[in-house]
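A.B. asks: Here you go, this is start_35.cif (mmCIF, C-alpha atoms; chains and numbers go by the auth columns).
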```cif
data_run
#
loop_
_atom_site.group_PDB
_atom_site.id
_atom_site.type_symbol
_atom_site.label_atom_id
_atom_site.label_comp_id
_atom_site.label_asym_id
_atom_site.label_seq_id
_atom_site.Cartn_x
_atom_site.Cartn_y
_atom_site.Cartn_z
_atom_site.B_iso_or_equiv
_atom_site.auth_seq_id
_atom_site.auth_asym_id
ATOM 1 C CA MET A 1 15.763 4.279 -10.526 0.00 293 A
ATOM 2 C CA ALA A 2 15.956 6.552 -7.552 0.00 294 A
ATOM 3 C CA GLY A 3 19.171 6.964 -5.607 0.00 295 A
ATOM 4 C CA ASP A 4 19.271 5.951 -1.964 0.00 296 A
ATOM 5 C CA SER A 5 18.738 9.498 -0.734 0.00 297 A
ATOM 6 C CA GLN A 6 15.853 10.279 -3.073 0.00 298 A
ATOM 7 C CA ILE A 7 12.269 10.277 -1.879 0.00 299 A
ATOM 8 C CA ALA A 8 9.664 8.774 -4.187 0.00 300 A
ATOM 9 C CA SER A 9 7.214 11.074 -5.911 0.00 301 A
ATOM 10 C CA VAL A 10 3.484 10.493 -6.019 0.00 302 A
ATOM 11 C CA GLN A 11 0.892 11.250 -8.666 0.00 303 A
ATOM 12 C CA GLU A 12 -2.580 12.589 -8.039 0.00 304 A
ATOM 13 C CA SER A 13 -5.107 9.782 -7.975 0.00 305 A
ATOM 14 C CA ASN A 14 -7.335 11.236 -10.668 0.00 306 A
ATOM 15 C CA GLY A 15 -8.522 7.850 -11.868 0.00 307 A
ATOM 16 C CA GLY A 16 -11.691 7.961 -9.849 0.00 308 A
ATOM 17 C CA GLY A 17 -12.324 11.626 -10.344 0.00 309 A
ATOM 18 C CA GLY A 18 -9.849 13.212 -7.961 0.00 310 A
ATOM 19 C CA GLY A 19 -8.642 16.632 -8.937 0.00 311 A
ATOM 20 C CA GLY A 20 -5.700 18.485 -7.495 0.00 312 A
ATOM 21 C CA GLU A 21 -4.321 18.219 -4.003 0.00 313 A
ATOM 22 C CA GLU A 22 -7.154 18.438 -1.480 0.00 314 A
ATOM 23 C CA GLU A 23 -6.864 20.055 1.904 0.00 315 A
ATOM 24 C CA LEU A 24 -9.092 18.125 4.275 0.00 316 A
ATOM 25 C CA ASN A 25 -10.289 19.716 7.477 0.00 317 A
ATOM 26 C CA LEU A 26 -10.534 16.721 9.762 0.00 318 A
ATOM 27 C CA PRO A 27 -11.573 17.257 13.388 0.00 319 A
ATOM 28 C CA THR A 28 -8.816 16.854 15.950 0.00 320 A
ATOM 29 C CA GLY A 29 -8.133 13.188 16.593 0.00 321 A
ATOM 30 C CA TYR A 30 -9.713 11.918 13.364 0.00 322 A
ATOM 31 C CA ARG A 31 -7.551 9.792 11.070 0.00 323 A
ATOM 32 C CA PHE A 32 -7.855 7.906 7.780 0.00 324 A
ATOM 33 C CA TRP A 33 -8.221 4.341 9.012 0.00 325 A
ATOM 34 C CA PRO A 34 -10.421 2.282 6.657 0.00 326 A
ATOM 35 C CA GLU A 35 -11.418 -1.322 7.202 0.00 327 A
ATOM 36 C CA GLU A 36 -9.921 -3.853 4.781 0.00 328 A
ATOM 37 C CA ASN A 37 -13.231 -4.345 2.974 0.00 329 A
ATOM 38 C CA GLU A 38 -13.583 -0.565 2.601 0.00 330 A
ATOM 39 C CA LEU A 39 -10.152 -0.302 0.990 0.00 331 A
ATOM 40 C CA ILE A 40 -11.302 -2.763 -1.652 0.00 332 A
ATOM 41 C CA SER A 41 -15.040 -2.210 -2.114 0.00 333 A
ATOM 42 C CA HIS A 42 -14.861 1.590 -1.983 0.00 334 A
ATOM 43 C CA TYR A 43 -11.409 2.931 -2.820 0.00 335 A
ATOM 44 C CA LEU A 44 -10.042 0.261 -5.148 0.00 336 A
ATOM 45 C CA THR A 45 -13.359 -0.492 -6.879 0.00 337 A
ATOM 46 C CA ASN A 46 -14.140 3.154 -7.566 0.00 338 A
ATOM 47 C CA LYS A 47 -10.579 3.732 -8.740 0.00 339 A
ATOM 48 C CA LEU A 48 -10.873 0.863 -11.228 0.00 340 A
ATOM 49 C CA LEU A 49 -14.271 1.982 -12.498 0.00 341 A
ATOM 50 C CA GLY A 50 -13.288 5.641 -12.809 0.00 342 A
ATOM 51 C CA ARG A 51 -15.868 6.776 -10.285 0.00 343 A
ATOM 52 C CA PRO A 52 -15.342 9.871 -8.108 0.00 344 A
ATOM 53 C CA LEU A 53 -13.687 9.276 -4.751 0.00 345 A
ATOM 54 C CA SER A 54 -14.916 11.228 -1.750 0.00 346 A
ATOM 55 C CA ALA A 55 -11.357 12.377 -0.983 0.00 347 A
ATOM 56 C CA ASN A 56 -8.136 12.217 -2.963 0.00 348 A
ATOM 57 C CA ILE A 57 -6.104 10.678 -0.133 0.00 349 A
ATOM 58 C CA ILE A 58 -4.540 7.539 -1.637 0.00 350 A
ATOM 59 C CA LYS A 59 -1.972 8.491 -4.267 0.00 351 A
ATOM 60 C CA ASP A 60 -0.563 6.612 -7.240 0.00 352 A
ATOM 61 C CA ILE A 61 3.059 5.520 -6.966 0.00 353 A
ATOM 62 C CA ASP A 62 5.391 3.062 -8.690 0.00 354 A
ATOM 63 C CA LEU A 63 5.995 1.300 -5.402 0.00 355 A
ATOM 64 C CA TYR A 64 8.692 -1.116 -6.512 0.00 356 A
ATOM 65 C CA GLU A 65 10.940 1.583 -7.945 0.00 357 A
ATOM 66 C CA TYR A 66 11.853 2.489 -4.361 0.00 358 A
ATOM 67 C CA ASP A 67 13.073 0.956 -1.136 0.00 359 A
ATOM 68 C CA PRO A 68 10.461 1.453 1.612 0.00 360 A
ATOM 69 C CA HIS A 69 12.471 4.066 3.507 0.00 361 A
ATOM 70 C CA GLN A 70 12.336 6.271 0.385 0.00 362 A
ATOM 71 C CA LEU A 71 8.553 6.449 0.295 0.00 363 A
ATOM 72 C CA PRO A 72 7.098 9.946 0.887 0.00 364 A
ATOM 73 C CA ILE A 73 5.672 9.260 4.326 0.00 365 A
ATOM 74 C CA ASP A 74 5.354 12.954 5.149 0.00 366 A
ATOM 75 C CA LYS A 75 2.955 13.439 2.248 0.00 367 A
ATOM 76 C CA PHE A 76 0.457 11.018 3.778 0.00 368 A
ATOM 77 C CA ARG A 77 -0.896 13.492 6.296 0.00 369 A
ATOM 78 C CA TYR A 78 -4.306 12.117 7.207 0.00 370 A
ATOM 79 C CA GLY A 79 -3.601 8.586 8.430 0.00 371 A
ATOM 80 C CA MET A 80 -2.190 6.965 11.511 0.00 372 A
ATOM 81 C CA ARG A 81 1.484 7.658 12.111 0.00 373 A
ATOM 82 C CA ASN A 82 2.345 4.034 11.493 0.00 374 A
ATOM 83 C CA GLU A 83 0.696 3.713 8.086 0.00 375 A
ATOM 84 C CA ALA A 84 0.641 4.978 4.536 0.00 376 A
ATOM 85 C CA TYR A 85 -1.551 3.867 1.630 0.00 377 A
ATOM 86 C CA TYR A 86 -0.779 3.815 -2.094 0.00 378 A
ATOM 87 C CA PHE A 87 -2.284 2.652 -5.360 0.00 379 A
ATOM 88 C CA THR A 88 0.305 0.807 -7.442 0.00 380 A
ATOM 89 C CA ASN A 89 0.663 -1.713 -10.243 0.00 381 A
ATOM 90 C CA THR A 90 1.686 -5.060 -8.851 0.00 382 A
ATOM 91 C CA ARG A 91 4.261 -7.357 -10.409 0.00 383 A
ATOM 92 C CA PRO A 92 5.222 -11.023 -9.896 0.00 384 A
ATOM 93 C CA ASN A 93 8.781 -10.155 -8.868 0.00 385 A
ATOM 94 C CA ARG A 94 8.413 -7.548 -6.128 0.00 386 A
ATOM 95 C CA THR A 95 12.010 -6.347 -6.075 0.00 387 A
ATOM 96 C CA THR A 96 13.200 -2.809 -5.302 0.00 388 A
ATOM 97 C CA LYS A 97 16.481 -1.019 -5.872 0.00 389 A
ATOM 98 C CA ASN A 98 18.245 -2.636 -2.903 0.00 390 A
ATOM 99 C CA GLY A 99 15.948 -5.410 -1.741 0.00 391 A
ATOM 100 C CA TYR A 100 12.724 -7.326 -2.193 0.00 392 A
ATOM 101 C CA TRP A 101 9.323 -7.967 -0.637 0.00 393 A
ATOM 102 C CA LYS A 102 8.828 -11.586 0.475 0.00 394 A
ATOM 103 C CA ALA A 103 5.337 -13.024 0.902 0.00 395 A
ATOM 104 C CA ILE A 104 4.169 -14.077 4.379 0.00 396 A
ATOM 105 C CA GLY A 105 1.884 -17.114 4.353 0.00 397 A
ATOM 106 C CA GLU A 106 -1.073 -17.626 2.040 0.00 398 A
ATOM 107 C CA ASP A 107 -3.464 -15.115 0.501 0.00 399 A
ATOM 108 C CA GLU A 108 -6.364 -14.175 2.780 0.00 400 A
ATOM 109 C CA GLN A 109 -9.949 -13.612 1.723 0.00 401 A
ATOM 110 C CA VAL A 110 -11.499 -10.242 2.555 0.00 402 A
ATOM 111 C CA PHE A 111 -15.226 -10.296 3.221 0.00 403 A
ATOM 112 C CA GLY A 112 -17.785 -7.508 2.954 0.00 404 A
ATOM 113 C CA GLY A 113 -18.602 -5.432 6.000 0.00 405 A
ATOM 114 C CA ASP A 114 -21.187 -6.083 8.732 0.00 406 A
ATOM 115 C CA GLY A 115 -20.452 -9.785 8.863 0.00 407 A
ATOM 116 C CA GLY A 116 -21.059 -10.263 5.147 0.00 408 A
ATOM 117 C CA THR A 117 -20.187 -13.511 3.401 0.00 409 A
ATOM 118 C CA GLU A 118 -19.344 -12.033 0.001 0.00 410 A
ATOM 119 C CA ILE A 119 -15.637 -12.159 -0.840 0.00 411 A
ATOM 120 C CA VAL A 120 -14.813 -8.648 -2.032 0.00 412 A
ATOM 121 C CA GLY A 121 -11.096 -9.227 -2.493 0.00 413 A
ATOM 122 C CA PHE A 122 -7.869 -10.753 -1.303 0.00 414 A
ATOM 123 C CA LYS A 123 -4.958 -9.714 0.907 0.00 415 A
ATOM 124 C CA LYS A 124 -1.336 -10.716 0.523 0.00 416 A
ATOM 125 C CA SER A 125 1.206 -9.771 3.223 0.00 417 A
ATOM 126 C CA PHE A 126 4.946 -9.175 2.805 0.00 418 A
ATOM 127 C CA ASN A 127 8.115 -8.477 4.779 0.00 419 A
ATOM 128 C CA PHE A 128 10.899 -6.380 3.271 0.00 420 A
ATOM 129 C CA TYR A 129 14.408 -7.842 2.939 0.00 421 A
ATOM 130 C CA TRP A 130 17.526 -5.792 2.211 0.00 422 A
ATOM 131 C CA GLY A 131 19.887 -7.438 -0.287 0.00 423 A
ATOM 132 C CA LEU A 132 19.617 -10.018 -3.017 0.00 424 A
ATOM 133 C CA GLU A 133 16.984 -12.727 -2.969 0.00 425 A
ATOM 134 C CA PRO A 134 16.931 -15.233 -1.308 0.00 426 A
ATOM 135 C CA ASN A 135 19.706 -14.183 1.088 0.00 427 A
ATOM 136 C CA GLY A 136 18.512 -10.739 2.109 0.00 428 A
ATOM 137 C CA GLU A 137 18.346 -9.424 5.658 0.00 429 A
ATOM 138 C CA LYS A 138 14.884 -8.918 7.094 0.00 430 A
ATOM 139 C CA ARG A 139 13.939 -5.318 7.865 0.00 431 A
ATOM 140 C CA PRO A 140 11.018 -4.063 9.978 0.00 432 A
ATOM 141 C CA TRP A 141 8.835 -3.066 7.029 0.00 433 A
ATOM 142 C CA ILE A 142 5.475 -4.750 6.412 0.00 434 A
ATOM 143 C CA MET A 143 3.253 -4.412 3.347 0.00 435 A
ATOM 144 C CA GLU A 144 -0.333 -5.554 2.876 0.00 436 A
ATOM 145 C CA GLU A 145 -1.440 -5.722 -0.747 0.00 437 A
ATOM 146 C CA TYR A 146 -5.172 -5.737 -1.529 0.00 438 A
ATOM 147 C CA ARG A 147 -6.661 -6.782 -4.847 0.00 439 A
ATOM 148 C CA LEU A 148 -10.246 -6.901 -6.044 0.00 440 A
ATOM 149 C CA ASN A 149 -12.341 -10.029 -6.510 0.00 441 A
ATOM 150 C CA PRO A 150 -13.474 -9.631 -10.151 0.00 442 A
ATOM 151 C CA SER A 151 -16.826 -11.287 -9.408 0.00 443 A
ATOM 152 C CA ILE A 152 -18.084 -8.226 -7.509 0.00 444 A
ATOM 153 C CA ILE A 153 -17.900 -6.039 -10.625 0.00 445 A
ATOM 154 C CA PRO A 154 -21.182 -5.977 -12.598 0.00 446 A
ATOM 155 C CA ALA A 155 -20.860 -7.854 -15.879 0.00 447 A
ATOM 156 C CA ASP A 156 -21.967 -4.830 -17.912 0.00 448 A
ATOM 157 C CA ALA A 157 -19.056 -2.827 -16.445 0.00 449 A
ATOM 158 C CA LEU A 158 -16.352 -5.370 -17.350 0.00 450 A
ATOM 159 C CA THR A 159 -14.782 -3.756 -20.381 0.00 451 A
ATOM 160 C CA ASP A 160 -11.449 -5.000 -21.719 0.00 452 A
ATOM 161 C CA SER A 161 -9.767 -1.939 -20.227 0.00 453 A
ATOM 162 C CA ILE A 162 -11.162 -2.538 -16.732 0.00 454 A
ATOM 163 C CA THR A 163 -10.331 -6.236 -16.898 0.00 455 A
ATOM 164 C CA GLN A 164 -6.723 -5.378 -17.714 0.00 456 A
ATOM 165 C CA LYS A 165 -6.597 -2.859 -14.856 0.00 457 A
ATOM 166 C CA MET A 166 -7.930 -5.418 -12.379 0.00 458 A
ATOM 167 C CA GLU A 167 -5.058 -7.736 -13.214 0.00 459 A
ATOM 168 C CA ARG A 168 -2.442 -5.211 -12.110 0.00 460 A
ATOM 169 C CA LEU A 169 -3.915 -2.417 -9.955 0.00 461 A
ATOM 170 C CA VAL A 170 -3.821 -2.930 -6.177 0.00 462 A
ATOM 171 C CA VAL A 171 -3.980 -0.777 -3.062 0.00 463 A
ATOM 172 C CA CYS A 172 -1.210 -1.222 -0.491 0.00 464 A
ATOM 173 C CA ARG A 173 -0.815 -0.396 3.167 0.00 465 A
ATOM 174 C CA ILE A 174 2.813 0.065 4.300 0.00 466 A
ATOM 175 C CA GLN A 175 3.963 -0.061 7.925 0.00 467 A
ATOM 176 C CA LYS A 176 7.281 0.171 9.728 0.00 468 A
ATOM 177 C CA GLU A 177 7.593 -1.905 12.870 0.00 469 A
ATOM 178 C CA GLU A 178 9.575 -0.417 15.737 0.00 470 A
ATOM 179 C CA GLY A 179 11.772 -2.858 17.622 0.00 471 A
ATOM 180 C CA GLY A 180 12.452 -5.314 14.800 0.00 472 A
ATOM 181 C CA ASP A 181 10.580 -8.598 15.022 0.00 473 A
ATOM 182 C CA SER A 182 9.015 -8.105 18.446 0.00 474 A
ATOM 183 C CA LYS A 183 5.394 -9.310 18.325 0.00 475 A
ATOM 184 C CA ASN A 184 4.338 -6.651 20.811 0.00 476 A
ATOM 185 C CA SER A 185 6.241 -3.768 19.271 0.00 477 A
ATOM 186 C CA THR A 186 4.544 -0.531 18.302 0.00 478 A
ATOM 187 C CA LEU A 187 4.195 0.238 14.608 0.00 479 A
ATOM 188 C CA LYS A 188 5.247 3.650 13.458 0.00 480 A
ATOM 189 C CA PHE A 189 6.930 5.457 10.584 0.00 481 A
ATOM 190 C CA ILE A 190 10.250 7.248 10.892 0.00 482 A
ATOM 191 C CA ALA A 191 10.088 9.909 8.213 0.00 483 A
ATOM 192 C CA SER A 192 13.771 10.763 8.550 0.00 484 A
ATOM 193 C CA ASP A 193 14.907 7.318 7.287 0.00 485 A
ATOM 194 C CA ILE A 194 15.979 8.639 3.885 0.00 486 A
ATOM 195 C CA GLY A 195 19.745 8.776 4.177 0.00 487 A
ATOM 196 C CA GLY A 196 20.477 5.495 2.423 0.00 488 A
ATOM 197 C CA ASN A 197 22.204 3.875 5.412 0.00 489 A
ATOM 198 C CA GLN A 198 20.977 0.276 5.423 0.00 490 A
ATOM 199 C CA ASN A 199 21.460 0.019 9.183 0.00 491 A
ATOM 200 C CA ASP A 200 18.676 2.557 9.648 0.00 492 A
ATOM 201 C CA ILE A 201 16.086 0.840 7.499 0.00 493 A
#
```
I'd like the structure from this file rewritten - as structure tokens, please.

C.D. replies:
Amino acid sequence: MAGDSQIASVQESNGGGGGGEEELNLPTGYRFWPEENELISHYLTNKLLGRPLSANIIKDIDLYEYDPHQLPIDKFRYGMRNEAYYFTNTRPNRTTKNGYWKAIGEDEQVFGGDGGTEIVGFKKSFNFYWGLEPNGEKRPWIMEEYRLNPSIIPADALTDSITQKMERLVVCRIQKEEGGDSKNSTLKFIASDIGGNQNDI
């Protein structure tokens, strides 16, 4: 496991056809900000099926090997300052080196775009707690975990390998909330939070 001062490493998301690191030339003011249904029906679905992705933006990472302040925020250069996205393998016990992710409420259904009624996937939300479960201290980190609804995959594409991938592969959006639990606080990342001091995370 990584030490407190170590930043997590990412792998190129070549499942889905991505090659090496891509340098995108986005116009000034443009950011990577997909809708929830797009995260699932485009990025996660194509990743699972091994189809080419239009841009190799979302990287693979073993998310639960690290505390959230160790994630390589600076490497996610194309999104909003308050967000980073990763592909990862989920697990029932979402513990990290020094804490754990605790679920918030029930799973939510994610519907297709343009007012569609098809359920393309599901969202589960989490808060991060520093310390041992169930007595950890809540920290201002939020994670949204998106998984695919298997029914949207064509039957002729459901190989044993893809079925196994669907059971574990998810796409996550990570946010850090400024100002603790304030409902009106602004969300942003602080890339310098890598010193291992729990009071800063």

A.B. asks: With all atoms listed in the file counted and 12 Å as the cut-off, give the residues of segment 395-474 of chain A in contact with segment 330-346 of chain A, each with its shortest interatomic distance in Å and the pair that gives it, as a tab-separated table.

C.D. replies:
```
residue	atom	partner	partner_atom	distance
A:Gln401	CA	A:Ile332	CA	11.4
A:Val402	CA	A:Ile332	CA	8.6
A:Phe403	CA	A:Ser333	CA	9.7
A:Gly404	CA	A:Ser333	CA	7.8
A:Gly405	CA	A:Glu330	CA	7.8
A:Asp406	CA	A:Glu330	CA	11.2
A:Glu410	CA	A:Ser333	CA	10.9
A:Ile411	CA	A:Ser333	CA	10.0
A:Val412	CA	A:Ser333	CA	6.4
A:Gly413	CA	A:Ile332	CA	6.5
A:Phe414	CA	A:Ile332	CA	8.7
A:Lys415	CA	A:Ile332	CA	9.8
A:Glu436	CA	A:Leu331	CA	11.3
A:Glu437	CA	A:Ile332	CA	10.3
A:Tyr438	CA	A:Ile332	CA	6.8
A:Arg439	CA	A:Ile332	CA	6.9
A:Leu440	CA	A:Ile332	CA	6.1
A:Asn441	CA	A:Ile332	CA	8.8
A:Pro442	CA	A:Thr337	CA	9.7
A:Ser443	CA	A:Thr337	CA	11.6
A:Ile444	CA	A:Ser333	CA	8.6
A:Ile445	CA	A:Thr337	CA	8.1
A:Pro446	CA	A:Leu341	CA	10.5
A:Asp448	CA	A:Leu341	CA	11.6
A:Ala449	CA	A:Leu341	CA	7.8
A:Leu450	CA	A:Leu341	CA	9.1
A:Thr451	CA	A:Leu341	CA	9.8
A:Asp452	CA	A:Leu341	CA	11.9
A:Ser453	CA	A:Leu340	CA	9.5
A:Ile454	CA	A:Leu340	CA	6.5
A:Thr455	CA	A:Leu340	CA	9.1
A:Gln456	CA	A:Leu340	CA	9.9
A:Lys457	CA	A:Leu340	CA	6.7
A:Met458	CA	A:Leu340	CA	7.0
A:Glu459	CA	A:Leu340	CA	10.6
A:Arg460	CA	A:Leu340	CA	10.4
A:Leu461	CA	A:Leu340	CA	7.8
A:Val462	CA	A:Leu336	CA	7.1
A:Val463	CA	A:Leu336	CA	6.5
A:Cys464	CA	A:Leu331	CA	9.1
A:Arg465	CA	A:Leu331	CA	9.6
```

A.B. asks: Enter the distance from atom CA of Leu363 of chain A to atom CA of Asn390 of chain A, in Å, rounded to one decimal.

C.D. replies: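 According to the coordinates, atom CA of Leu363 of chain A and atom CA of Asn390 of chain A are separated by 13.7 Å.
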
A.B. asks: List the residues matched by the PyMOL selection byres ((chain A and resi 423) around 6) in the displayed structure as a list in words, ordered by chain and then by residue number.

C.D. replies: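 Written out, the selection comes to Asn390, Gly391, Trp422, Leu424 and Gly428 of chain A.
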
A.B. asks: Which residue, A:Asn317, A:Asn419, A:Thr380, A:Thr387, has the smallest gap to Ile353 of chain A when you use only C-alpha atoms?

C.D. replies: A:Thr380

A.B. asks: For this file, the PyMOL selection byres ((chain A and resi 356) around 9) selects which residues, as a PyMOL selection string?

C.D. replies: chain A and resi 353-355+357-360+380-383+386-389+392

A.B. asks: With only C-alpha atoms as the basis for distance, which of A:Ile349, A:Asn385, A:Met435, A:Asn427 is at the shortest distance from Ile466 of chain A?

C.D. replies: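 Between A:Ile349, A:Asn385, A:Met435, A:Asn427, the residue approaching Ile466 of chain A most closely is A:Met435.
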
A.B. asks: What does the structure give for the distance between atom CA of Tyr377 of chain A and atom CA of Asn348 of chain A, in Å to one decimal?

C.D. replies: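 Those two atoms sit 11.6 Å apart.
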
A.B. asks: Would you work out the distance separating atom CA of Phe420 of chain A from atom CA of Met372 of chain A, expressed in Å to one decimal?

C.D. replies: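 Atom-to-atom, atom CA of Phe420 of chain A and atom CA of Met372 of chain A are spaced 20.4 Å apart.
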
A.B. asks: Would you please work out which residue, of A:His361, A:Arg431, A:Gly371, A:Ala347, is nearest to Phe324 of chain A when using only C-alpha atoms?

C.D. replies: A:Gly371

A.B. asks: Any chance you could build segment 326-337 of chain A out to N, CA, C and O atoms and write it as a PDB file, in the coordinates of the input?

C.D. replies:
```pdb
ATOM      1  N   PRO A 326      -9.347   3.101   7.215  1.00  0.00           N
ATOM      2  CA  PRO A 326     -10.421   2.282   6.657  1.00  0.00           C
ATOM      3  C   PRO A 326     -10.282   0.812   7.013  1.00  0.00           C
ATOM      4  O   PRO A 326      -9.180   0.297   7.223  1.00  0.00           O
ATOM      5  N   GLU A 327     -11.414   0.127   7.065  1.00  0.00           N
ATOM      6  CA  GLU A 327     -11.418  -1.322   7.202  1.00  0.00           C
ATOM      7  C   GLU A 327     -10.896  -1.942   5.896  1.00  0.00           C
ATOM      8  O   GLU A 327     -10.916  -1.309   4.844  1.00  0.00           O
ATOM      9  N   GLU A 328     -10.458  -3.195   5.975  1.00  0.00           N
ATOM     10  CA  GLU A 328      -9.921  -3.853   4.781  1.00  0.00           C
ATOM     11  C   GLU A 328     -10.959  -3.924   3.669  1.00  0.00           C
ATOM     12  O   GLU A 328     -10.649  -3.676   2.499  1.00  0.00           O
ATOM     13  N   ASN A 329     -12.204  -4.254   4.009  1.00  0.00           N
ATOM     14  CA  ASN A 329     -13.231  -4.345   2.974  1.00  0.00           C
ATOM     15  C   ASN A 329     -13.523  -2.982   2.364  1.00  0.00           C
ATOM     16  O   ASN A 329     -13.887  -2.892   1.179  1.00  0.00           O
ATOM     17  N   GLU A 330     -13.360  -1.905   3.128  1.00  0.00           N
ATOM     18  CA  GLU A 330     -13.583  -0.565   2.601  1.00  0.00           C
ATOM     19  C   GLU A 330     -12.480  -0.161   1.630  1.00  0.00           C
ATOM     20  O   GLU A 330     -12.739   0.509   0.619  1.00  0.00           O
ATOM     21  N   LEU A 331     -11.247  -0.572   1.921  1.00  0.00           N
ATOM     22  CA  LEU A 331     -10.152  -0.302   0.990  1.00  0.00           C
ATOM     23  C   LEU A 331     -10.446  -0.891  -0.388  1.00  0.00           C
ATOM     24  O   LEU A 331     -10.149  -0.276  -1.418  1.00  0.00           O
ATOM     25  N   ILE A 332     -11.043  -2.073  -0.386  1.00  0.00           N
ATOM     26  CA  ILE A 332     -11.302  -2.763  -1.652  1.00  0.00           C
ATOM     27  C   ILE A 332     -12.614  -2.316  -2.286  1.00  0.00           C
ATOM     28  O   ILE A 332     -12.642  -1.877  -3.443  1.00  0.00           O
ATOM     29  N   SER A 333     -13.716  -2.431  -1.523  1.00  0.00           N
ATOM     30  CA  SER A 333     -15.040  -2.210  -2.114  1.00  0.00           C
ATOM     31  C   SER A 333     -15.321  -0.743  -2.400  1.00  0.00           C
ATOM     32  O   SER A 333     -16.139  -0.431  -3.279  1.00  0.00           O
ATOM     33  N   HIS A 334     -14.655   0.163  -1.709  1.00  0.00           N
ATOM     34  CA  HIS A 334     -14.861   1.590  -1.983  1.00  0.00           C
ATOM     35  C   HIS A 334     -13.693   2.181  -2.779  1.00  0.00           C
ATOM     36  O   HIS A 334     -13.863   2.568  -3.940  1.00  0.00           O
ATOM     37  N   TYR A 335     -12.525   2.217  -2.186  1.00  0.00           N
ATOM     38  CA  TYR A 335     -11.409   2.931  -2.820  1.00  0.00           C
ATOM     39  C   TYR A 335     -10.907   2.233  -4.087  1.00  0.00           C
ATOM     40  O   TYR A 335     -10.802   2.853  -5.153  1.00  0.00           O
ATOM     41  N   LEU A 336     -10.598   0.945  -3.993  1.00  0.00           N
ATOM     42  CA  LEU A 336     -10.042   0.261  -5.148  1.00  0.00           C
ATOM     43  C   LEU A 336     -11.086   0.072  -6.247  1.00  0.00           C
ATOM     44  O   LEU A 336     -10.800   0.290  -7.434  1.00  0.00           O
ATOM     45  N   THR A 337     -12.305  -0.294  -5.878  1.00  0.00           N
ATOM     46  CA  THR A 337     -13.359  -0.492  -6.879  1.00  0.00           C
ATOM     47  C   THR A 337     -13.665   0.788  -7.626  1.00  0.00           C
ATOM     48  O   THR A 337     -13.740   0.808  -8.864  1.00  0.00           O
TER      49      THR A 337
END
```
